[in-house]
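See below for query35.txt, which holds compact mmCIF, C-alpha atoms.
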# COMPACT_ATOMS: atom_id res chain seq x y z
CA MET A 1 -142.15 191.09 -144.02
CA SER A 2 -138.77 192.73 -143.33
CA SER A 3 -138.36 195.57 -140.85
CA VAL A 4 -135.48 197.72 -139.67
CA LEU A 5 -137.22 198.25 -136.32
CA THR A 6 -138.02 194.66 -135.37
CA ASN A 7 -135.74 191.72 -136.21
CA SER A 8 -137.89 188.66 -135.51
CA GLY A 9 -135.24 186.26 -136.75
CA ALA A 10 -132.66 187.70 -134.38
CA GLN A 11 -135.08 187.44 -131.47
CA THR A 12 -135.77 183.79 -132.26
CA ALA A 13 -132.08 183.06 -132.61
CA LEU A 14 -131.39 184.84 -129.30
CA GLU A 15 -134.02 182.81 -127.46
CA THR A 16 -132.55 179.62 -128.90
CA LEU A 17 -129.07 180.66 -127.76
CA ARG A 18 -130.34 181.46 -124.28
CA SER A 19 -132.06 178.06 -124.05
CA VAL A 20 -128.91 176.26 -125.17
CA ASN A 21 -126.79 178.25 -122.69
CA THR A 22 -129.21 177.37 -119.86
CA GLY A 23 -129.05 173.68 -120.73
CA LEU A 24 -125.27 173.84 -121.00
CA ALA A 25 -125.01 175.52 -117.60
CA THR A 26 -127.19 172.80 -116.06
CA VAL A 27 -125.08 170.02 -117.55
CA GLN A 28 -121.85 171.68 -116.46
CA ASP A 29 -123.27 172.00 -112.92
CA GLN A 30 -124.09 168.28 -112.91
CA ILE A 31 -120.59 167.43 -114.06
CA GLY A 32 -119.05 169.77 -111.51
CA THR A 33 -121.09 168.49 -108.50
CA GLY A 34 -121.64 164.92 -109.67
CA LYS A 35 -125.32 165.29 -108.82
CA ARG A 36 -128.40 165.55 -110.96
CA VAL A 37 -130.33 166.97 -107.97
CA ALA A 38 -127.98 169.08 -105.89
CA THR A 39 -130.51 171.56 -104.49
CA ALA A 40 -134.25 171.76 -103.99
CA GLN A 41 -134.36 174.03 -107.07
CA ASN A 42 -133.31 171.13 -109.30
CA ASP A 43 -136.17 168.81 -108.23
CA ALA A 44 -137.94 169.66 -104.98
CA ALA A 45 -139.67 166.29 -104.50
CA VAL A 46 -136.60 164.15 -105.17
CA TRP A 47 -134.38 166.45 -103.09
CA ALA A 48 -136.78 166.17 -100.10
CA ILE A 49 -136.88 162.37 -100.35
CA SER A 50 -133.10 162.17 -100.58
CA LYS A 51 -132.61 164.36 -97.51
CA VAL A 52 -134.94 162.17 -95.44
CA MET A 53 -133.06 159.08 -96.56
CA GLN A 54 -129.70 160.70 -95.82
CA ALA A 55 -130.89 161.47 -92.29
CA ASP A 56 -131.90 157.81 -91.89
CA VAL A 57 -128.48 156.67 -93.11
CA ALA A 58 -126.79 158.94 -90.58
CA GLY A 59 -129.01 157.44 -87.87
CA TYR A 60 -128.21 153.88 -88.89
CA LYS A 61 -124.48 154.62 -88.82
CA GLN A 62 -124.87 155.73 -85.20
CA ILE A 63 -126.86 152.56 -84.52
CA GLN A 64 -123.97 150.53 -85.92
CA GLU A 65 -121.62 152.15 -83.43
CA GLY A 66 -124.04 151.41 -80.59
CA LEU A 67 -124.36 147.79 -81.71
CA SER A 68 -120.58 147.42 -81.82
CA LEU A 69 -120.33 148.72 -78.26
CA ALA A 70 -123.09 146.37 -77.09
CA GLN A 71 -121.44 143.42 -78.85
CA SER A 72 -118.21 144.08 -76.96
CA THR A 73 -120.10 144.37 -73.68
CA ILE A 74 -121.93 141.09 -74.24
CA SER A 75 -118.73 139.36 -75.38
CA VAL A 76 -117.03 140.27 -72.10
CA GLY A 77 -120.06 139.09 -70.11
CA ARG A 78 -120.31 135.82 -72.06
CA GLN A 79 -116.64 135.03 -71.61
CA GLY A 80 -116.96 135.79 -67.91
CA ALA A 81 -119.99 133.48 -67.59
CA GLU A 82 -118.17 130.71 -69.47
CA THR A 83 -115.22 131.08 -67.10
CA VAL A 84 -117.59 130.83 -64.12
CA VAL A 85 -119.03 127.63 -65.62
CA ASP A 86 -115.52 126.15 -65.86
CA LEU A 87 -114.71 127.13 -62.27
CA LEU A 88 -118.01 125.75 -60.96
CA THR A 89 -117.29 122.52 -62.84
CA ASP A 90 -114.00 122.33 -60.97
CA ILE A 91 -115.83 122.96 -57.69
CA LYS A 92 -118.32 120.20 -58.49
CA GLY A 93 -115.39 117.86 -59.06
CA LYS A 94 -113.99 118.82 -55.66
CA VAL A 95 -117.38 118.24 -54.01
CA VAL A 96 -117.66 114.79 -55.59
CA ALA A 97 -114.11 113.95 -54.52
CA ALA A 98 -114.93 114.98 -50.96
CA GLN A 99 -117.61 112.27 -50.80
CA GLU A 100 -114.86 109.72 -50.22
CA GLU A 101 -114.01 109.04 -46.60
CA ASN A 102 -110.26 108.63 -47.07
CA VAL A 103 -109.62 112.16 -48.40
CA ASP A 104 -108.51 115.32 -46.65
CA ARG A 105 -111.70 117.37 -46.76
CA GLY A 106 -109.96 120.33 -45.19
CA LYS A 107 -107.58 120.64 -48.13
CA ILE A 108 -110.43 120.17 -50.57
CA GLN A 109 -112.30 122.97 -48.78
CA THR A 110 -109.22 125.18 -49.19
CA ASP A 111 -109.23 124.50 -52.94
CA ILE A 112 -112.97 125.26 -53.11
CA ASP A 113 -112.45 128.53 -51.25
CA ALA A 114 -109.76 129.55 -53.76
CA LEU A 115 -112.04 128.70 -56.69
CA ARG A 116 -114.87 130.65 -55.04
CA ASP A 117 -112.64 133.71 -54.70
CA GLN A 118 -111.67 133.35 -58.35
CA ILE A 119 -115.34 133.25 -59.39
CA ASN A 120 -115.98 136.41 -57.40
CA ALA A 121 -113.02 138.11 -59.12
CA VAL A 122 -114.20 137.04 -62.58
CA VAL A 123 -117.75 138.30 -61.99
CA ASN A 124 -116.49 141.66 -60.73
CA ALA A 125 -114.05 142.03 -63.63
CA ALA A 126 -116.52 141.13 -66.41
CA SER A 127 -117.27 144.78 -67.11
CA PHE A 128 -116.99 146.80 -70.31
CA ASN A 129 -117.52 150.55 -70.44
CA GLY A 130 -119.15 150.45 -67.03
CA GLN A 131 -121.63 147.70 -67.94
CA ASN A 132 -121.44 144.36 -66.10
CA LEU A 133 -123.96 141.83 -67.37
CA LEU A 134 -123.10 139.32 -64.65
CA LYS A 135 -124.11 141.59 -61.77
CA HIS A 136 -127.79 142.40 -61.50
CA ALA A 137 -128.03 146.19 -61.07
CA GLY A 138 -131.13 146.10 -58.84
CA GLN A 139 -134.81 145.28 -58.54
CA GLN A 140 -136.30 148.43 -60.03
CA GLU A 141 -137.96 148.22 -63.43
CA GLY A 142 -135.33 148.11 -66.17
CA ASP A 143 -132.45 147.20 -63.85
CA GLY A 144 -132.37 143.63 -65.07
CA GLN A 145 -131.90 144.52 -68.72
CA MET A 146 -129.54 146.32 -71.04
CA THR A 147 -131.44 148.02 -73.86
CA VAL A 148 -129.71 148.47 -77.21
CA LEU A 149 -131.13 150.50 -80.10
CA GLY A 150 -131.33 147.95 -82.89
CA SER A 151 -133.09 149.75 -85.74
CA LEU A 152 -135.41 152.54 -86.81
CA SER A 153 -138.67 152.02 -88.66
CA ARG A 154 -140.27 154.86 -90.59
CA ALA A 155 -144.06 154.85 -90.94
CA ILE A 156 -146.79 157.38 -91.68
CA GLU A 157 -147.03 158.31 -88.02
CA GLY A 158 -143.28 158.95 -87.75
CA VAL A 159 -140.06 157.22 -86.80
CA LYS A 160 -140.14 154.40 -84.25
CA ALA A 161 -137.13 153.04 -82.37
CA ASN A 162 -136.84 149.24 -82.17
CA ASP A 163 -134.78 148.08 -79.21
CA VAL A 164 -132.92 144.83 -78.59
CA VAL A 165 -133.23 143.78 -74.94
CA VAL A 166 -130.36 141.88 -73.32
CA GLU A 167 -131.15 140.17 -70.02
CA ARG A 168 -128.61 140.51 -67.23
CA ALA A 169 -127.51 137.53 -65.16
CA ASP A 170 -126.79 137.68 -61.44
CA LEU A 171 -123.79 135.44 -60.83
CA THR A 172 -122.98 137.13 -57.54
CA MET A 173 -122.84 135.60 -54.06
CA ASP A 174 -124.98 138.33 -52.53
CA SER A 175 -127.37 137.08 -49.86
CA GLY A 176 -131.09 137.83 -49.98
CA SER A 177 -133.76 138.45 -47.39
CA VAL A 178 -137.54 138.38 -46.99
CA ALA A 179 -139.08 141.28 -45.09
CA MET A 180 -140.83 140.30 -41.86
CA GLY A 181 -143.16 143.28 -41.99
CA GLY A 182 -144.63 145.78 -44.39
CA GLY A 183 -145.92 145.33 -47.91
CA VAL A 184 -149.05 143.45 -48.96
CA PHE A 185 -149.05 139.80 -47.90
CA ASN A 186 -151.27 137.22 -49.61
CA ALA A 187 -151.13 134.00 -47.62
CA VAL A 188 -152.83 131.86 -50.28
CA ALA A 189 -151.99 132.89 -53.83
CA GLY A 190 -152.19 129.24 -54.87
CA SER A 191 -152.56 125.87 -53.16
CA ALA A 192 -152.60 122.10 -53.64
CA THR A 193 -153.71 119.25 -51.41
CA LEU A 194 -152.08 115.83 -51.59
CA ASN A 195 -153.74 112.77 -50.09
CA ALA A 196 -154.96 109.79 -52.09
CA THR A 197 -154.58 112.20 -54.98
CA GLN A 198 -150.81 112.25 -55.08
CA SER A 199 -150.29 114.89 -57.72
CA ALA A 200 -151.63 118.41 -58.23
CA ASP A 201 -150.70 121.64 -60.00
CA ILE A 202 -150.44 125.13 -58.57
CA ASP A 203 -151.19 127.60 -61.33
CA LEU A 204 -149.24 130.86 -61.02
CA SER A 205 -150.36 132.37 -64.31
CA GLY A 206 -152.62 134.90 -62.59
CA GLN A 207 -149.76 136.37 -60.56
CA THR A 208 -147.85 139.54 -61.43
CA VAL A 209 -144.06 139.42 -61.31
CA GLU A 210 -142.26 142.54 -60.16
CA GLY A 211 -138.69 142.92 -58.99
CA GLY A 212 -138.68 142.44 -55.23
CA THR A 213 -141.91 140.42 -55.06
CA VAL A 214 -141.64 137.34 -52.84
CA PHE A 215 -143.09 133.97 -53.84
CA ALA A 216 -142.92 131.58 -50.91
CA LEU A 217 -143.77 127.92 -50.39
CA SER A 218 -145.29 126.62 -47.19
CA MET A 219 -146.62 123.21 -46.13
CA PHE A 220 -148.74 121.70 -43.42
CA GLY A 221 -148.68 117.91 -43.25
CA THR A 222 -151.01 115.67 -41.25
CA ASP A 223 -150.22 112.01 -40.56
CA PHE A 224 -151.21 111.11 -37.00
CA ASP A 225 -149.74 107.61 -36.95
CA GLY A 226 -146.57 108.52 -38.88
CA SER A 227 -147.19 105.71 -41.35
CA SER A 228 -146.38 107.88 -44.39
CA PHE A 229 -144.20 110.66 -43.00
CA ALA A 230 -143.25 112.46 -39.82
CA GLN A 231 -145.77 115.28 -39.90
CA ASN A 232 -143.70 117.74 -37.85
CA ASP A 233 -140.98 117.59 -40.51
CA TYR A 234 -143.51 118.73 -43.12
CA ARG A 235 -144.93 121.70 -41.27
CA THR A 236 -143.45 125.16 -41.86
CA GLN A 237 -145.91 126.91 -39.51
CA LEU A 238 -148.09 126.12 -36.51
CA THR A 239 -151.40 126.56 -38.33
CA TRP A 240 -152.71 125.73 -41.78
CA VAL A 241 -152.28 129.25 -43.12
CA PRO A 242 -148.79 130.80 -42.95
CA THR A 243 -148.10 134.31 -41.73
CA GLN A 244 -145.59 136.76 -43.21
CA PHE A 245 -143.38 136.07 -40.22
CA ASP A 246 -143.48 132.32 -41.02
CA VAL A 247 -142.52 133.00 -44.64
CA ALA A 248 -139.58 135.17 -43.61
CA LEU A 249 -138.21 132.54 -41.20
CA THR A 250 -138.56 129.30 -43.18
CA GLY A 251 -136.18 130.21 -46.00
CA LEU A 252 -138.63 129.02 -48.65
CA GLY A 253 -139.17 132.45 -50.18
CA TYR A 254 -137.92 133.30 -53.66
CA VAL A 255 -137.44 137.04 -54.26
CA ALA A 256 -138.00 137.89 -57.92
CA ARG A 257 -135.48 139.97 -59.84
CA ASP A 258 -136.41 142.59 -62.38
CA GLY A 259 -137.00 140.86 -65.70
CA ASP A 260 -138.09 137.53 -64.18
CA THR A 261 -140.99 135.75 -65.81
CA LEU A 262 -143.44 133.39 -64.11
CA SER A 263 -141.38 130.51 -65.49
CA ASP A 264 -138.29 131.98 -63.81
CA VAL A 265 -140.25 132.29 -60.57
CA ALA A 266 -141.43 128.67 -60.74
CA LYS A 267 -137.88 127.45 -61.35
CA GLY A 268 -136.55 129.65 -58.56
CA MET A 269 -139.09 128.24 -56.12
CA VAL A 270 -138.14 124.68 -57.04
CA ASP A 271 -134.44 125.43 -56.55
CA THR A 272 -135.22 127.02 -53.19
CA TRP A 273 -137.19 123.93 -52.19
CA GLN A 274 -134.36 121.58 -53.15
CA VAL A 275 -131.93 123.46 -50.91
CA TYR A 276 -134.46 123.50 -48.07
CA ALA A 277 -135.17 119.77 -48.47
CA VAL A 278 -131.52 118.75 -48.28
CA GLU A 279 -130.93 121.05 -45.31
CA ASN A 280 -133.85 119.45 -43.44
CA ASP A 281 -133.28 115.91 -44.70
CA LEU A 282 -136.68 115.70 -46.40
CA ASP A 283 -137.49 112.75 -48.64
CA PRO A 284 -138.48 113.63 -52.26
CA GLU A 285 -140.70 110.53 -52.19
CA VAL A 286 -142.84 112.29 -49.60
CA LEU A 287 -142.96 115.69 -51.27
CA ASN A 288 -141.47 116.93 -54.50
CA PHE A 289 -141.86 119.98 -56.74
CA GLU A 290 -141.36 120.40 -60.48
CA ALA A 291 -141.52 123.61 -62.51
CA GLN A 292 -143.75 123.36 -65.57
CA GLY A 293 -143.83 126.77 -67.24
CA ALA A 294 -145.92 129.07 -65.06
CA SER A 295 -147.11 126.19 -62.87
CA LEU A 296 -145.73 124.09 -60.04
CA LYS A 297 -146.37 120.36 -60.10
CA VAL A 298 -146.59 119.05 -56.54
CA SER A 299 -146.35 115.30 -56.02
CA SER A 300 -145.99 112.61 -53.38
CA ASN A 301 -145.52 108.88 -53.71
CA VAL A 302 -146.57 108.00 -50.16
CA THR A 303 -149.71 109.92 -49.17
CA THR A 304 -152.98 108.02 -48.77
CA ALA A 305 -156.57 108.94 -48.05
CA MET A 306 -155.62 109.12 -44.37
CA ASP A 307 -152.86 111.68 -44.99
CA THR A 308 -152.93 115.32 -45.96
CA LEU A 309 -150.12 117.47 -47.33
CA GLN A 310 -151.38 121.00 -47.77
CA VAL A 311 -149.01 123.10 -49.92
CA ARG A 312 -149.46 126.82 -50.44
CA VAL A 313 -147.81 129.60 -52.40
CA SER A 314 -147.84 132.96 -50.63
CA THR A 315 -146.84 136.31 -52.10
CA LEU A 316 -145.43 139.48 -50.59
CA SER A 317 -145.40 142.72 -52.56
CA ALA A 318 -142.18 144.44 -53.60
CA SER A 319 -143.04 147.41 -51.38
CA ALA A 320 -142.03 145.33 -48.33
CA GLY A 321 -138.37 145.80 -49.28
CA SER A 322 -137.25 142.19 -49.67
CA VAL A 323 -133.88 141.63 -51.35
CA ALA A 324 -133.16 139.10 -54.09
CA ALA A 325 -130.19 136.79 -53.59
CA GLY A 326 -127.49 136.28 -56.19
CA GLU A 327 -127.70 133.05 -58.15
CA LEU A 328 -124.44 131.89 -56.57
CA ALA A 329 -125.40 132.92 -53.03
CA GLU A 330 -125.07 129.35 -51.73
CA LEU A 331 -121.45 129.33 -52.86
CA ALA A 332 -120.53 131.72 -50.05
CA ASP A 333 -121.27 129.05 -47.41
CA LEU A 334 -120.29 125.92 -49.35
CA ASP A 335 -118.79 123.49 -46.84
CA VAL A 336 -117.53 119.97 -47.55
CA THR A 337 -115.92 119.35 -44.17
CA SER A 338 -119.09 117.74 -42.73
CA ASP A 339 -121.45 115.06 -44.01
CA ALA A 340 -124.43 117.44 -43.87
CA GLY A 341 -122.47 120.09 -45.73
CA LEU A 342 -121.49 117.58 -48.38
CA GLN A 343 -125.08 116.64 -49.14
CA LYS A 344 -126.09 120.27 -49.43
CA ALA A 345 -123.03 121.06 -51.55
CA LEU A 346 -123.98 118.40 -54.10
CA VAL A 347 -127.42 119.93 -54.59
CA THR A 348 -126.43 123.60 -54.51
CA THR A 349 -123.43 123.13 -56.81
CA GLU A 350 -125.64 121.50 -59.42
CA ILE A 351 -128.19 124.32 -59.17
CA MET A 352 -125.53 127.03 -59.41
CA LEU A 353 -123.83 125.31 -62.34
CA GLY A 354 -127.15 125.18 -64.17
CA SER A 355 -127.71 128.91 -63.54
CA ALA A 356 -124.23 129.80 -64.83
CA ILE A 357 -124.68 127.65 -67.95
CA GLU A 358 -128.05 129.26 -68.63
CA ALA A 359 -126.52 132.74 -68.21
CA ALA A 360 -123.66 131.98 -70.61
CA ALA A 361 -126.03 130.45 -73.17
CA SER A 362 -128.39 133.43 -72.95
CA LEU A 363 -125.56 135.92 -73.46
CA GLY A 364 -124.22 133.86 -76.35
CA SER A 365 -127.64 133.92 -77.99
CA ASP A 366 -127.89 137.69 -77.47
CA GLN A 367 -124.43 138.22 -78.95
CA GLN A 368 -125.36 136.20 -82.04
CA ARG A 369 -128.56 138.21 -82.41
CA LEU A 370 -126.65 141.50 -82.24
CA ASP A 371 -124.11 140.19 -84.77
CA GLN A 372 -126.94 139.47 -87.18
CA GLN A 373 -128.54 142.86 -86.50
CA SER A 374 -125.22 144.61 -87.11
CA LYS A 375 -124.72 142.82 -90.43
CA PHE A 376 -128.27 143.67 -91.49
CA THR A 377 -127.78 147.33 -90.54
CA SER A 378 -124.55 147.47 -92.57
CA LYS A 379 -126.32 146.05 -95.62
CA LEU A 380 -129.23 148.42 -95.07
CA VAL A 381 -126.90 151.45 -95.01
CA THR A 382 -125.29 150.27 -98.25
CA SER A 383 -128.64 149.75 -99.96
CA MET A 384 -130.02 153.11 -98.82
CA THR A 385 -126.85 154.91 -99.93
CA GLU A 386 -127.13 153.30 -103.34
CA GLY A 387 -130.80 154.27 -103.49
CA ILE A 388 -129.98 157.90 -102.71
CA GLY A 389 -127.36 157.81 -105.44
CA ARG A 390 -129.86 156.56 -108.00
CA LEU A 391 -132.17 159.43 -107.06
CA VAL A 392 -129.74 162.37 -107.09
CA ASP A 393 -126.46 161.35 -108.75
CA ALA A 394 -125.77 162.46 -112.29
CA ASP A 395 -125.16 159.99 -115.12
CA MET A 396 -121.69 161.24 -116.02
CA GLU A 397 -121.58 159.48 -119.38
CA ALA A 398 -124.92 160.94 -120.44
CA ALA A 399 -123.97 164.36 -119.07
CA SER A 400 -120.68 164.36 -120.98
CA ALA A 401 -122.42 163.43 -124.23
CA LYS A 402 -125.09 166.05 -123.66
CA GLN A 403 -122.46 168.69 -122.95
CA LYS A 404 -120.77 168.08 -126.30
CA ALA A 405 -124.11 168.21 -128.11
CA LEU A 406 -125.05 171.48 -126.42
CA GLN A 407 -121.69 172.99 -127.23
CA VAL A 408 -122.32 172.26 -130.92
CA GLN A 409 -125.82 173.72 -130.60
CA GLN A 410 -124.34 176.78 -128.94
CA GLN A 411 -122.02 177.38 -131.87
CA LEU A 412 -124.87 176.95 -134.34
CA ALA A 413 -127.08 179.30 -132.32
CA VAL A 414 -124.35 181.96 -132.33
CA GLN A 415 -124.00 181.63 -136.10
CA SER A 416 -127.78 181.80 -136.53
CA LEU A 417 -127.91 184.95 -134.45
CA SER A 418 -125.11 186.47 -136.51
CA ILE A 419 -126.96 185.72 -139.74
CA ALA A 420 -130.21 187.09 -138.36
CA ASN A 421 -128.49 190.30 -137.27
CA ARG A 422 -127.37 190.93 -140.88
CA ALA A 423 -130.98 190.90 -142.21
CA PRO A 424 -131.51 194.72 -141.82
CA GLU A 425 -128.45 195.30 -143.95
CA VAL A 426 -130.28 193.68 -146.89
CA VAL A 427 -133.12 196.17 -146.43
CA LEU A 428 -130.63 199.03 -146.48
CA ARG A 429 -129.21 197.82 -149.78
CA LEU A 430 -132.73 197.84 -151.28
CA LEU A 431 -133.04 201.56 -150.39
CA GLN A 432 -129.78 202.54 -152.05
Mind turning this structure into structure tokens?
Amino acid sequence: MSSVLTNSGAQTALETLRSVNTGLATVQDQIGTGKRVATAQNDAAVWAISKVMQADVAGYKQIQEGLSLAQSTISVGRQGAETVVDLLTDIKGKVVAAQEENVDRGKIQTDIDALRDQINAVVNAASFNGQNLLKHAGQQEGDGQMTVLGSLSRAIEGVKANDVVVERADLTMDSGSVAMGGGVFNAVAGSATLNATQSADIDLSGQTVEGGTVFALSMFGTDFDGSSFAQNDYRTQLTWVPTQFDVALTGLGYVARDGDTLSDVAKGMVDTWQVYAVENDLDPEVLNFEAQGASLKVSSNVTTAMDTLQVRVSTLSASAGSVAAGELAELADLDVTSDAGLQKALVTTEIMLGSAIEAAASLGSDQQRLDQQSKFTSKLVTSMTEGIGRLVDADMEAASAKQKALQVQQQLAVQSLSIANRAPEVVLRLLQ
């Protein structure tokens, strides 16, 4: 039915034109912005996901910058530790050379002093952006580590930071001390008795390690006839059980640093014993210690059923205020001008060289780990950026083709509307 009041064909043609114009505007917007989802109006769900991912990408880019800074810091520390290893190797050579009787030990001592000063300068200079990984910052919790933000993990409960922990070394010559009073003293935290049984283990696994805690060795030997050993040489106190005062005086206390494990404590106690033994001319055949993880193996090759070597490990809490020594503390007093000094220098140089090598190796391992983390983060940023693009970017080829098609449809819709608008004129002709 035709009507001069209502033109249904024109209305249909108009709606078609409006639809085509809307589609054309959308395509032109995609071409102009390069995005299929530019605002939440385009696709709320996809837009929300893309914004979360963009925030993660921004976070990972900041993480990359932090990793680069940490890599530089560790690189400086590692190179410093490697230089210390080289200088300590030179010192060891000097100490070995001084063993000969027909050498000028005074001149050798002068060379050692110069190398020692150089080590001190290297350790102090191995700093980057205020961080020195060769100087332990203190004994409080966290002082022995440098924490680097390595990654972020997103889960249902939220975002979680994943840190990379870099352990500091302590290649200083700072001296340590054991407090004579205060704190909580445990005289027998572990013990072993050597007699006909010439080997025993002291298990330290039940102990808690805290920066500033003292772990001290003590011994009380009994051999009345002196057939196995001179008992007075193997007594660090007047009675079987040591006192805190005894522990502070003997020099057999190891003060833990922040970050130390029980294995570190066991090794530190063995090193302390070796220095004490050479200072007091004690025979390792009579008494010897070996670190085995969180345990100390105590052994003797001479004790019999008639002898007793009672060995104890005592602990003193960090609240006493004891101070940990630097790992190169013995270097400050290294002396090759006397026979006694030479023997001690051989032992202490070897211990210090081992500590420096371990520090350099640990920093090298940490640097490699951060390199790998940095590469992974870079790849992750690239992958996430590509993923965001697949979600929101417009397919320019498809958009261009669609634009041309809609332009043709627009022209046809305009023509259809023009034809539909002429329909009432036909009705008018019928009435003439």
Given the choices A:Gly211, A:Gly321, A:Gly158, A:Gly150, which gets closest to Ala179 of chain A if the distance is worked out from only C-alpha atoms?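 Selected residue with least distance to Ala179 of chain A: A:Gly321.
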Could you list, as a list in words, every residue within 12 Å of Gln367 of chain A, counting all atoms listed in the file and ignoring same-chain residues fewer than 5 positions away?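 Final neighbour list, sorted by chain and number: Leu67, Ser68, Leu69, Ala70, Gln71, Ser72, Thr73, Ile74, Ser75, Val76, Gly77, Arg78, Gln79, Val148, Val164, Val165, Val166, Glu167, Ala360, Ala361, Ser362, Gln372, Gln373 and Ser374 of chain A.
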So how many Å separate atom CA of Gln54 of chain A and atom CA of Arg154 of chain A, to one decimal?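 Distance reported for this atom pair: 13.2 Å.
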Segment 189-198 of chain A: which residues within 8 Å, counting only C-alpha atoms, same-chain residues fewer than 4 positions away excluded, as an MDAnalysis selection string? chainID A and resid 202:204 207 298:315
For the residues in the current selection, export C-alpha atoms as a PDB file, in the frame of the given file.
ATOM      1  CA  ILE A 202    -150.440 125.130 -58.570  1.00  0.00           C
ATOM      2  CA  ASP A 203    -151.190 127.600 -61.330  1.00  0.00           C
ATOM      3  CA  LEU A 204    -149.240 130.860 -61.020  1.00  0.00           C
ATOM      4  CA  GLN A 207    -149.760 136.370 -60.560  1.00  0.00           C
ATOM      5  CA  VAL A 298    -146.590 119.050 -56.540  1.00  0.00           C
ATOM      6  CA  SER A 299    -146.350 115.300 -56.020  1.00  0.00           C
ATOM      7  CA  SER A 300    -145.990 112.610 -53.380  1.00  0.00           C
ATOM      8  CA  ASN A 301    -145.520 108.880 -53.710  1.00  0.00           C
ATOM      9  CA  VAL A 302    -146.570 108.000 -50.160  1.00  0.00           C
ATOM     10  CA  THR A 303    -149.710 109.920 -49.170  1.00  0.00           C
ATOM     11  CA  THR A 304    -152.980 108.020 -48.770  1.00  0.00           C
ATOM     12  CA  ALA A 305    -156.570 108.940 -48.050  1.00  0.00           C
ATOM     13  CA  MET A 306    -155.620 109.120 -44.370  1.00  0.00           C
ATOM     14  CA  ASP A 307    -152.860 111.680 -44.990  1.00  0.00           C
ATOM     15  CA  THR A 308    -152.930 115.320 -45.960  1.00  0.00           C
ATOM     16  CA  LEU A 309    -150.120 117.470 -47.330  1.00  0.00           C
ATOM     17  CA  GLN A 310    -151.380 121.000 -47.770  1.00  0.00           C
ATOM     18  CA  VAL A 311    -149.010 123.100 -49.920  1.00  0.00           C
ATOM     19  CA  ARG A 312    -149.460 126.820 -50.440  1.00  0.00           C
ATOM     20  CA  VAL A 313    -147.810 129.600 -52.400  1.00  0.00           C
ATOM     21  CA  SER A 314    -147.840 132.960 -50.630  1.00  0.00           C
ATOM     22  CA  THR A 315    -146.840 136.310 -52.100  1.00  0.00           C
TER      23      THR A 315
END
Which neighbours of Ala325 of chain A fall inside 8 Å, counting all atoms listed in the file, when residues of the same chain fewer than 6 positions from it are skipped, and could you give them as JSON, numbers by chain? {"A": [173, 174, 175, 176, 177, 255]}
Distance in Å - atom CA of Ile112 of chain A versus atom CA of Lys344 of chain A: 14.5 Å
Name the residues in contact with Gln274 of chain A at a cut-off of 10 Å, using all atoms listed in the file, excluding same-chain residues fewer than 6 positions from it; report them as a list in words.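 Contacts, in chain order: Leu252, Gly268, Asn280, Leu282, Pro284, Asn288, Phe289, Lys344, Val347, Thr348 and Ile351 of chain A.
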C-alpha atoms of the current selection, written as a PDB file, keeping the file's coordinate frame:
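See selection.pdb below for the written result:
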ATOM      1  CA  LEU A 252    -138.630 129.020 -48.650  1.00  0.00           C
ATOM      2  CA  GLY A 268    -136.550 129.650 -58.560  1.00  0.00           C
ATOM      3  CA  ASN A 280    -133.850 119.450 -43.440  1.00  0.00           C
ATOM      4  CA  LEU A 282    -136.680 115.700 -46.400  1.00  0.00           C
ATOM      5  CA  PRO A 284    -138.480 113.630 -52.260  1.00  0.00           C
ATOM      6  CA  ASN A 288    -141.470 116.930 -54.500  1.00  0.00           C
ATOM      7  CA  PHE A 289    -141.860 119.980 -56.740  1.00  0.00           C
ATOM      8  CA  LYS A 344    -126.090 120.270 -49.430  1.00  0.00           C
ATOM      9  CA  VAL A 347    -127.420 119.930 -54.590  1.00  0.00           C
ATOM     10  CA  THR A 348    -126.430 123.600 -54.510  1.00  0.00           C
ATOM     11  CA  ILE A 351    -128.190 124.320 -59.170  1.00  0.00           C
TER      12      ILE A 351
END
Would you kindly return, as a PyMOL selection string, each protein, DNA or RNA residue with an atom no farther than 7 Å from any atom of Thr337 of chain A, considering all atoms listed in the file and excluding same-chain residues fewer than 5 positions away? chain A and resi 105-106+109
Just give me the gap between atom CA of Ala230 of chain A and atom CA of Asp281 of chain A in Å, one decimal is fine. 11.6 Å
Minimum-distance residue to Gly144 of chain A, chosen among A:Val336, A:Val188, A:Ala324, A:Ala161 (using only C-alpha atoms):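 Distance minimum relative to Gly144 of chain A lands on A:Ala324.
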Pick out the closest residue to Val57 of chain A from this set: A:Ile91, A:Met384, A:Ala45, A:Val103. Count all atoms listed in the file.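 Ranking A:Ile91, A:Met384, A:Ala45, A:Val103 by distance to Val57 of chain A, first place goes to A:Met384.
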With all atoms listed in the file as the atoms that count, which of A:Gly293, A:Glu157, A:Ile419, A:Gly341 lies nearest to Val275 of chain A?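 Counting all atoms listed in the file, the residue closest to Val275 of chain A is A:Gly341.
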